[in-house]
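Below is one structure, written out as structure tokens; comments come after it.
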Amino acid sequence: MIELEQARHRLEELGMGQAAEVLDAILEAASHSQSTYLSFLNELLEAELQERQRRNVEVRMKLAHLPYRRTLSDFDFSFQPGIDERFIRELAALTFIGRHENVLFLGPPGVGKTHLAVAIAMEAIGQGLPVYFVSLTQLINDLRKAYEENRLDKRMRIYLRPRLLIVDEVGYLPLDPLAANLFFQLVSARYEKGSMILTSNKSIGEWDELMGDPVLATAVLDRLLHHCHVINIRGDSYRLKEKLKTGIYSSQGTKVVQVFSGASGSKIFRR
Ligand SMILES: Nc1ncnc2c1ncn2[C@@H]1O[C@H](COP(=O)(O)OP(=O)(O)OP(=O)(O)O)[C@@H](O)[C@H]1O
Ligand SMILES: [Mg+2]
């Protein structure tokens, strides 16, 4: 027993808290199953490794600032038949990040744009990739403050560092000239260097108005769409699902901004 206590204590001293915690149980199981010394050791190390990986993911989740946690398995594709499930699963395999491509989810409120962006982000975090999630309003407020305090370059790094940057809710608020300029700077700096996922309730044609400057809007869209997967989601709001069921809202009464354009996984490549 003294030896067991010693072993536990040493594991703790080595920073192997999980191994220390499960030592008893693994020893006990090993003595019943007649496992070899080597398989006992492997099991103990595996338990420690798994716990460390879990904690790493947890830390990266926090650093990513996701608004909520949702996975693809939480997504009911039958509710949104316009979405090509196979293509979304391909995106979740994350090869687009290696190619520095972007993803643009377009559609009216409640159709699952943020959910799908978060689900892809969670896959990326699980794979150990640095991810950062921000709404366009937060992003602009943050960059504007940094600009006014003469530390824009430094602050911009927060948004340039992650392999995947998600900018949510593009389009809910129009941008003033400084905001449009800051957004352009960000998109330009990430162009062909790091992937972005954007969600927007505005169709691409409406971005002129959103940015208040057609020249800047064209420059932003040119870079964003050069290597981009555009997913137009048309359909009913999932938030109103229950109400639709009870007939409080009719699906005809739900404003549909986007028209689904064939394969939802249509790629837009400029060249
Ligand atoms: N097909 C779906 N299956 C399961 N849950 C869904 C589905 N679509 C949306 N949801 C859920 O409905 C809520 C709203 O979805 P989400 O946040 O993705 O909307 P959105 O398209 O980003 O809307 P908004 O433009 O208002 O931000 C979330 O809780 C999300 O998990
Ligand atoms: Mg959203």
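FYI, nothing fancy with the structure tokens labels: chains A, B, ... in order, residues from 1 per chain, ligands from 1 as they appear.
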
- request: Write out as JSON, numbers by chain all residues of stretch 10-224 of chain A that backbone DSSP assigns to strand (DSSP E or B).
  value: {"A": [102, 103, 104, 105, 106, 131, 132, 133, 134, 135, 164, 165, 166, 167, 168, 169, 170, 195, 196, 197, 198, 199, 200]}

Nearby residues, ligand 2, 8 Å, only C-alpha atoms and all ligand atoms, as a tab-separated table (two decimals) with all heavy atoms, in the first residue's frame:
chain	number	residue	atom	x	y	z
A	109	PRO	N	-32.54	34.70	-41.26
A	109	PRO	CA	-32.31	34.32	-39.85
A	109	PRO	C	-32.81	32.91	-39.51
A	109	PRO	O	-33.84	32.47	-40.02
A	109	PRO	CB	-33.11	35.36	-39.07
A	109	PRO	CG	-33.25	36.52	-39.99
A	109	PRO	CD	-33.31	35.94	-41.38
A	110	GLY	N	-32.04	32.23	-38.67
A	110	GLY	CA	-32.49	30.98	-38.07
A	110	GLY	C	-32.36	29.74	-38.91
A	110	GLY	O	-32.81	28.66	-38.51
A	112	GLY	N	-29.60	28.18	-39.76
A	112	GLY	CA	-28.49	27.28	-39.37
A	112	GLY	C	-27.11	27.74	-39.80
A	112	GLY	O	-26.15	26.96	-39.73
A	113	LYS	N	-26.98	28.98	-40.21
A	113	LYS	CA	-25.66	29.46	-40.70
A	113	LYS	C	-24.61	29.40	-39.59
A	113	LYS	O	-23.52	28.84	-39.77
A	113	LYS	CB	-25.78	30.92	-41.20
A	113	LYS	CG	-26.83	31.13	-42.28
A	113	LYS	CD	-26.88	32.56	-42.75
A	113	LYS	CE	-27.31	33.59	-41.71
A	113	LYS	NZ	-28.69	33.41	-41.22
A	114	THR	N	-24.95	29.98	-38.44
A	114	THR	CA	-23.98	29.99	-37.34
A	114	THR	C	-23.75	28.57	-36.83
A	114	THR	O	-22.62	28.19	-36.53
A	114	THR	CB	-24.47	30.91	-36.20
A	114	THR	OG1	-24.71	32.21	-36.75
A	114	THR	CG2	-23.44	31.04	-35.10
A	115	HIS	N	-24.82	27.80	-36.75
A	115	HIS	CA	-24.71	26.41	-36.28
A	115	HIS	C	-23.68	25.66	-37.13
A	115	HIS	O	-22.76	25.01	-36.59
A	115	HIS	CB	-26.09	25.74	-36.36
A	115	HIS	CG	-26.13	24.33	-35.85
A	115	HIS	ND1	-27.14	23.87	-35.04
A	115	HIS	CD2	-25.31	23.27	-36.04
A	115	HIS	CE1	-26.92	22.59	-34.75
A	115	HIS	NE2	-25.81	22.20	-35.35
A	168	ASP	N	-19.10	36.23	-38.02
A	168	ASP	CA	-20.53	35.92	-38.00
A	168	ASP	C	-21.35	37.21	-38.18
A	168	ASP	O	-20.89	38.30	-37.83
A	168	ASP	CB	-20.86	35.28	-36.64
A	168	ASP	CG	-22.19	34.55	-36.63
A	168	ASP	OD1	-22.59	34.02	-37.68
A	168	ASP	OD2	-22.83	34.51	-35.56
A	169	GLU	N	-22.53	37.05	-38.72
A	169	GLU	CA	-23.51	38.15	-38.81
A	169	GLU	C	-23.01	39.35	-39.60
A	169	GLU	O	-23.10	40.49	-39.16
A	169	GLU	CB	-23.94	38.57	-37.39
A	169	GLU	CG	-24.60	37.42	-36.66
A	169	GLU	CD	-25.18	37.78	-35.31
A	169	GLU	OE1	-24.92	38.90	-34.84
A	169	GLU	OE2	-25.89	36.93	-34.75
A	199	THR	N	-20.78	34.34	-42.19
A	199	THR	CA	-22.22	34.11	-42.32
A	199	THR	C	-22.88	35.45	-42.58
A	199	THR	O	-22.46	36.48	-42.03
A	199	THR	CB	-22.86	33.48	-41.06
A	199	THR	OG1	-23.04	34.50	-40.08
A	199	THR	CG2	-22.02	32.35	-40.48
A	200	SER	N	-23.89	35.43	-43.45
A	200	SER	CA	-24.55	36.70	-43.77
A	200	SER	C	-26.00	36.49	-44.14
A	200	SER	O	-26.36	35.50	-44.77
A	200	SER	CB	-23.82	37.38	-44.93
A	200	SER	OG	-24.45	38.61	-45.24

Output the neighbourhood of ligand 1 as a CSV table (one decimal) with N, CA, C and O atoms, in the first residue's frame, that is, all protein and nucleic acid residues with some atom at most 10 Å from the ligand, counting only C-alpha atoms and all ligand atoms.
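The result, written out as result-v2.csv:
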chain,number,residue,atom,x,y,z
A,67,PRO,N,-20.0,31.0,-29.8
A,67,PRO,CA,-21.1,31.5,-29.1
A,67,PRO,C,-21.9,30.4,-28.4
A,67,PRO,O,-22.6,30.6,-27.4
A,68,TYR,N,-21.8,29.2,-28.9
A,68,TYR,CA,-22.4,28.0,-28.3
A,68,TYR,C,-21.7,26.8,-28.9
A,68,TYR,O,-20.9,26.9,-29.9
A,69,ARG,N,-22.0,25.6,-28.4
A,69,ARG,CA,-21.4,24.4,-28.9
A,69,ARG,C,-22.5,23.6,-29.7
A,69,ARG,O,-23.5,23.2,-29.1
A,70,ARG,N,-22.2,23.4,-30.9
A,70,ARG,CA,-23.1,22.6,-31.7
A,70,ARG,C,-22.3,21.8,-32.7
A,70,ARG,O,-21.3,22.3,-33.2
A,71,THR,N,-22.7,20.5,-33.0
A,71,THR,CA,-21.9,19.7,-33.9
A,71,THR,C,-22.8,19.4,-35.1
A,71,THR,O,-24.0,19.7,-35.1
A,72,LEU,N,-22.2,18.7,-36.1
A,72,LEU,CA,-23.0,18.3,-37.3
A,72,LEU,C,-24.0,17.3,-36.9
A,72,LEU,O,-25.1,17.3,-37.5
A,73,SER,N,-23.7,16.5,-35.9
A,73,SER,CA,-24.8,15.5,-35.5
A,73,SER,C,-26.0,16.2,-34.9
A,73,SER,O,-27.1,15.6,-34.8
A,74,ASP,N,-25.8,17.4,-34.4
A,74,ASP,CA,-27.0,18.1,-33.8
A,74,ASP,C,-27.8,18.8,-34.9
A,74,ASP,O,-28.8,19.3,-34.6
A,75,PHE,N,-27.3,18.8,-36.1
A,75,PHE,CA,-28.0,19.5,-37.2
A,75,PHE,C,-28.9,18.5,-37.9
A,75,PHE,O,-28.6,17.5,-38.4
A,76,ASP,N,-30.2,19.0,-38.0
A,76,ASP,CA,-31.2,18.2,-38.6
A,76,ASP,C,-31.3,18.6,-40.1
A,76,ASP,O,-31.9,19.5,-40.5
A,77,PHE,N,-30.6,17.8,-40.9
A,77,PHE,CA,-30.5,18.1,-42.4
A,77,PHE,C,-31.9,17.9,-43.0
A,77,PHE,O,-32.2,18.6,-44.0
A,78,SER,N,-32.7,17.1,-42.5
A,78,SER,CA,-34.1,16.9,-43.1
A,78,SER,C,-34.9,18.2,-42.9
A,78,SER,O,-35.8,18.4,-43.7
A,79,PHE,N,-34.6,19.0,-41.9
A,79,PHE,CA,-35.4,20.2,-41.8
A,79,PHE,C,-35.0,21.3,-42.9
A,79,PHE,O,-35.7,22.2,-43.2
A,80,GLN,N,-33.8,21.1,-43.4
A,80,GLN,CA,-33.2,22.1,-44.4
A,80,GLN,C,-32.8,21.3,-45.6
A,80,GLN,O,-31.6,21.2,-45.9
A,81,PRO,N,-33.8,20.7,-46.4
A,81,PRO,CA,-33.4,19.8,-47.5
A,81,PRO,C,-32.6,20.5,-48.6
A,81,PRO,O,-32.0,19.8,-49.4
A,83,ILE,N,-29.9,22.0,-48.2
A,83,ILE,CA,-28.5,21.9,-48.0
A,83,ILE,C,-28.0,20.6,-48.4
A,83,ILE,O,-28.6,19.5,-48.1
A,105,PHE,N,-21.7,31.3,-45.7
A,105,PHE,CA,-23.1,30.8,-45.5
A,105,PHE,C,-24.0,32.0,-45.6
A,105,PHE,O,-23.9,33.0,-44.9
A,106,LEU,N,-24.9,31.9,-46.6
A,106,LEU,CA,-25.9,33.0,-46.8
A,106,LEU,C,-27.3,32.5,-46.5
A,106,LEU,O,-27.6,31.3,-46.8
A,107,GLY,N,-28.1,33.3,-46.0
A,107,GLY,CA,-29.5,32.9,-45.8
A,107,GLY,C,-30.2,33.8,-44.7
A,107,GLY,O,-29.5,34.5,-43.9
A,108,PRO,N,-31.5,33.7,-44.7
A,108,PRO,CA,-32.3,34.5,-43.7
A,108,PRO,C,-32.0,34.0,-42.2
A,108,PRO,O,-31.4,32.9,-42.0
A,109,PRO,N,-32.5,34.7,-41.3
A,109,PRO,CA,-32.3,34.3,-39.9
A,109,PRO,C,-32.8,32.9,-39.5
A,109,PRO,O,-33.8,32.5,-40.0
A,110,GLY,N,-32.0,32.2,-38.7
A,110,GLY,CA,-32.5,31.0,-38.1
A,110,GLY,C,-32.4,29.7,-38.9
A,110,GLY,O,-32.8,28.7,-38.5
A,111,VAL,N,-31.7,29.8,-40.1
A,111,VAL,CA,-31.7,28.7,-41.0
A,111,VAL,C,-30.5,27.8,-40.7
A,111,VAL,O,-30.3,26.7,-41.3
A,112,GLY,N,-29.6,28.2,-39.8
A,112,GLY,CA,-28.5,27.3,-39.4
A,112,GLY,C,-27.1,27.7,-39.8
A,112,GLY,O,-26.2,27.0,-39.7
A,113,LYS,N,-27.0,29.0,-40.2
A,113,LYS,CA,-25.7,29.5,-40.7
A,113,LYS,C,-24.6,29.4,-39.6
A,113,LYS,O,-23.5,28.8,-39.8
A,114,THR,N,-25.0,30.0,-38.4
A,114,THR,CA,-24.0,30.0,-37.3
A,114,THR,C,-23.8,28.6,-36.8
A,114,THR,O,-22.6,28.2,-36.5
A,115,HIS,N,-24.8,27.8,-36.7
A,115,HIS,CA,-24.7,26.4,-36.3
A,115,HIS,C,-23.7,25.7,-37.1
A,115,HIS,O,-22.8,25.0,-36.6
A,116,LEU,N,-23.8,25.8,-38.4
A,116,LEU,CA,-22.9,25.0,-39.3
A,116,LEU,C,-21.5,25.5,-39.2
A,116,LEU,O,-20.5,24.8,-39.2
A,117,ALA,N,-21.3,26.9,-39.1
A,117,ALA,CA,-20.0,27.5,-38.9
A,117,ALA,C,-19.4,27.0,-37.6
A,117,ALA,O,-18.2,26.6,-37.6
A,118,VAL,N,-20.2,26.9,-36.5
A,118,VAL,CA,-19.7,26.4,-35.2
A,118,VAL,C,-19.3,25.0,-35.3
A,118,VAL,O,-18.3,24.5,-34.8
A,119,ALA,N,-20.1,24.2,-36.0
A,119,ALA,CA,-19.8,22.7,-36.1
A,119,ALA,C,-18.5,22.5,-36.8
A,119,ALA,O,-17.7,21.7,-36.4
A,135,SER,N,-18.3,38.1,-34.1
A,135,SER,CA,-19.3,38.7,-34.9
A,135,SER,C,-18.7,39.9,-35.6
A,135,SER,O,-17.7,40.5,-35.1
A,168,ASP,N,-19.1,36.2,-38.0
A,168,ASP,CA,-20.5,35.9,-38.0
A,168,ASP,C,-21.3,37.2,-38.2
A,168,ASP,O,-20.9,38.3,-37.8
A,169,GLU,N,-22.5,37.1,-38.7
A,169,GLU,CA,-23.5,38.2,-38.8
A,169,GLU,C,-23.0,39.3,-39.6
A,169,GLU,O,-23.1,40.5,-39.2
A,170,VAL,N,-22.5,39.0,-40.8
A,170,VAL,CA,-22.1,40.1,-41.7
A,170,VAL,C,-23.5,40.6,-42.3
A,170,VAL,O,-24.2,39.8,-42.9
A,171,GLY,N,-23.8,41.8,-42.2
A,171,GLY,CA,-25.0,42.3,-42.9
A,171,GLY,C,-26.1,42.8,-42.0
A,171,GLY,O,-27.0,43.5,-42.4
A,172,TYR,N,-26.0,42.5,-40.7
A,172,TYR,CA,-27.1,43.0,-39.8
A,172,TYR,C,-27.0,44.5,-39.5
A,172,TYR,O,-28.0,45.2,-39.3
A,199,THR,N,-20.8,34.3,-42.2
A,199,THR,CA,-22.2,34.1,-42.3
A,199,THR,C,-22.9,35.4,-42.6
A,199,THR,O,-22.5,36.5,-42.0
A,200,SER,N,-23.9,35.4,-43.5
A,200,SER,CA,-24.5,36.7,-43.8
A,200,SER,C,-26.0,36.5,-44.1
A,200,SER,O,-26.4,35.5,-44.8
A,201,ASN,N,-26.8,37.4,-43.8
A,201,ASN,CA,-28.2,37.4,-44.1
A,201,ASN,C,-28.4,38.2,-45.4
A,201,ASN,O,-29.5,38.3,-46.0
A,202,LYS,N,-27.3,38.8,-46.0
A,202,LYS,CA,-27.4,39.6,-47.2
A,202,LYS,C,-26.9,38.8,-48.4
A,202,LYS,O,-25.9,38.1,-48.2
A,233,ILE,N,-28.6,29.1,-48.2
A,233,ILE,CA,-29.6,28.3,-47.5
A,233,ILE,C,-30.9,29.1,-47.6
A,233,ILE,O,-31.0,30.2,-47.2
A,234,ARG,N,-31.9,28.4,-48.1
A,234,ARG,CA,-33.2,29.0,-48.2
A,234,ARG,C,-34.1,28.1,-47.4
A,234,ARG,O,-33.9,26.8,-47.4
A,235,GLY,N,-35.0,28.6,-46.7
A,235,GLY,CA,-35.8,27.7,-45.9
A,235,GLY,C,-36.4,28.4,-44.7
A,235,GLY,O,-36.2,29.6,-44.5
A,236,ASP,N,-37.1,27.7,-43.9
A,236,ASP,CA,-37.7,28.2,-42.7
A,236,ASP,C,-36.7,28.3,-41.6
A,236,ASP,O,-35.7,27.6,-41.5
A,237,SER,N,-37.0,29.3,-40.7
A,237,SER,CA,-36.1,29.4,-39.5
A,237,SER,C,-36.4,28.3,-38.5
A,237,SER,O,-37.5,27.9,-38.2
A,238,TYR,N,-35.3,27.7,-38.1
A,238,TYR,CA,-35.4,26.6,-37.1
A,238,TYR,C,-35.9,27.1,-35.8
A,238,TYR,O,-36.6,26.4,-35.1
A,239,ARG,N,-35.6,28.4,-35.5
A,239,ARG,CA,-36.1,29.0,-34.3
A,239,ARG,C,-37.6,29.0,-34.3
A,239,ARG,O,-38.2,28.9,-33.3
A,240,LEU,N,-38.2,29.2,-35.5
A,240,LEU,CA,-39.6,29.3,-35.6
A,240,LEU,C,-40.3,27.9,-35.8
A,240,LEU,O,-41.5,27.8,-36.0
A,241,LYS,N,-39.5,26.9,-35.8
A,241,LYS,CA,-40.0,25.5,-36.1
A,241,LYS,C,-41.2,25.2,-35.3
A,241,LYS,O,-42.2,24.8,-35.9

- prompt: atom CA of A:Leu49 and atom CA of A:Met16, how far apart in Å?
  reply: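 Interatomic distance, atom CA of A:Met16 to atom CA of A:Leu49: 9.1 Å.
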
- prompt: Out of A:Val57, A:Leu175, A:Leu44, A:Val230, which residue has the shortest atom-to-atom distance to A:Leu23 when counting only C-alpha atoms?
  reply: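 Nearest to A:Leu23: A:Leu44.
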
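The protein and nucleic acid residues lying at most 10 Å from A:Glu48 are Gly15, Met16, Gly17, Gln18, Ala19, Ala20, Glu21, Val22, Asn42, Glu43, Leu44, Arg52, Gln53 and Arg54 of chain A, with only C-alpha atoms considered and sequence neighbours fewer than 4 positions away removed.
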
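Nearest residue to A:Phe183 among A:Leu91, A:Leu66, A:Leu224, A:Met1 is A:Leu224, counting only C-alpha atoms.
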
A:Val131 environment, 8 Å, only C-alpha atoms, sequence neighbours closer than 3 positions dropped, as a compact mmCIF listing (two decimals) with N, CA and C atoms, in the first residue's frame:
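Here's the written file result.txt:
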# COMPACT_ATOMS: atom_id res chain seq x y z
N ARG A 60 -8.69 25.19 -26.05
CA ARG A 60 -8.83 25.79 -27.39
C ARG A 60 -10.27 26.22 -27.66
N LEU A 63 -10.58 29.55 -26.01
CA LEU A 63 -9.85 30.58 -26.75
C LEU A 63 -10.58 30.96 -28.04
N ALA A 64 -11.37 30.02 -28.58
CA ALA A 64 -12.04 30.27 -29.86
C ALA A 64 -13.27 31.17 -29.72
N ALA A 121 -16.08 24.67 -36.98
CA ALA A 121 -15.06 25.20 -36.05
C ALA A 121 -14.71 24.14 -35.00
N ALA A 124 -12.42 21.64 -36.36
CA ALA A 124 -11.06 22.19 -36.50
C ALA A 124 -10.36 22.22 -35.14
N ILE A 125 -11.10 22.62 -34.12
CA ILE A 125 -10.50 22.67 -32.77
C ILE A 125 -10.09 21.26 -32.34
N PRO A 162 -5.23 32.94 -36.25
CA PRO A 162 -5.93 31.64 -36.33
C PRO A 162 -5.95 31.07 -37.75
N ARG A 163 -5.86 29.74 -37.83
CA ARG A 163 -5.94 29.11 -39.15
C ARG A 163 -7.34 29.29 -39.72
N LEU A 164 -8.32 29.35 -38.81
CA LEU A 164 -9.71 29.55 -39.25
C LEU A 164 -10.32 30.69 -38.47
N LEU A 165 -10.75 31.72 -39.19
CA LEU A 165 -11.43 32.85 -38.54
C LEU A 165 -12.89 32.83 -38.99
N ILE A 166 -13.80 32.88 -38.02
CA ILE A 166 -15.21 32.93 -38.37
C ILE A 166 -15.73 34.33 -38.08

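For the atom pair formed by atom CA of A:Ala47 and atom CA of A:Lys62, the distance is 22.9 Å, given to one decimal.
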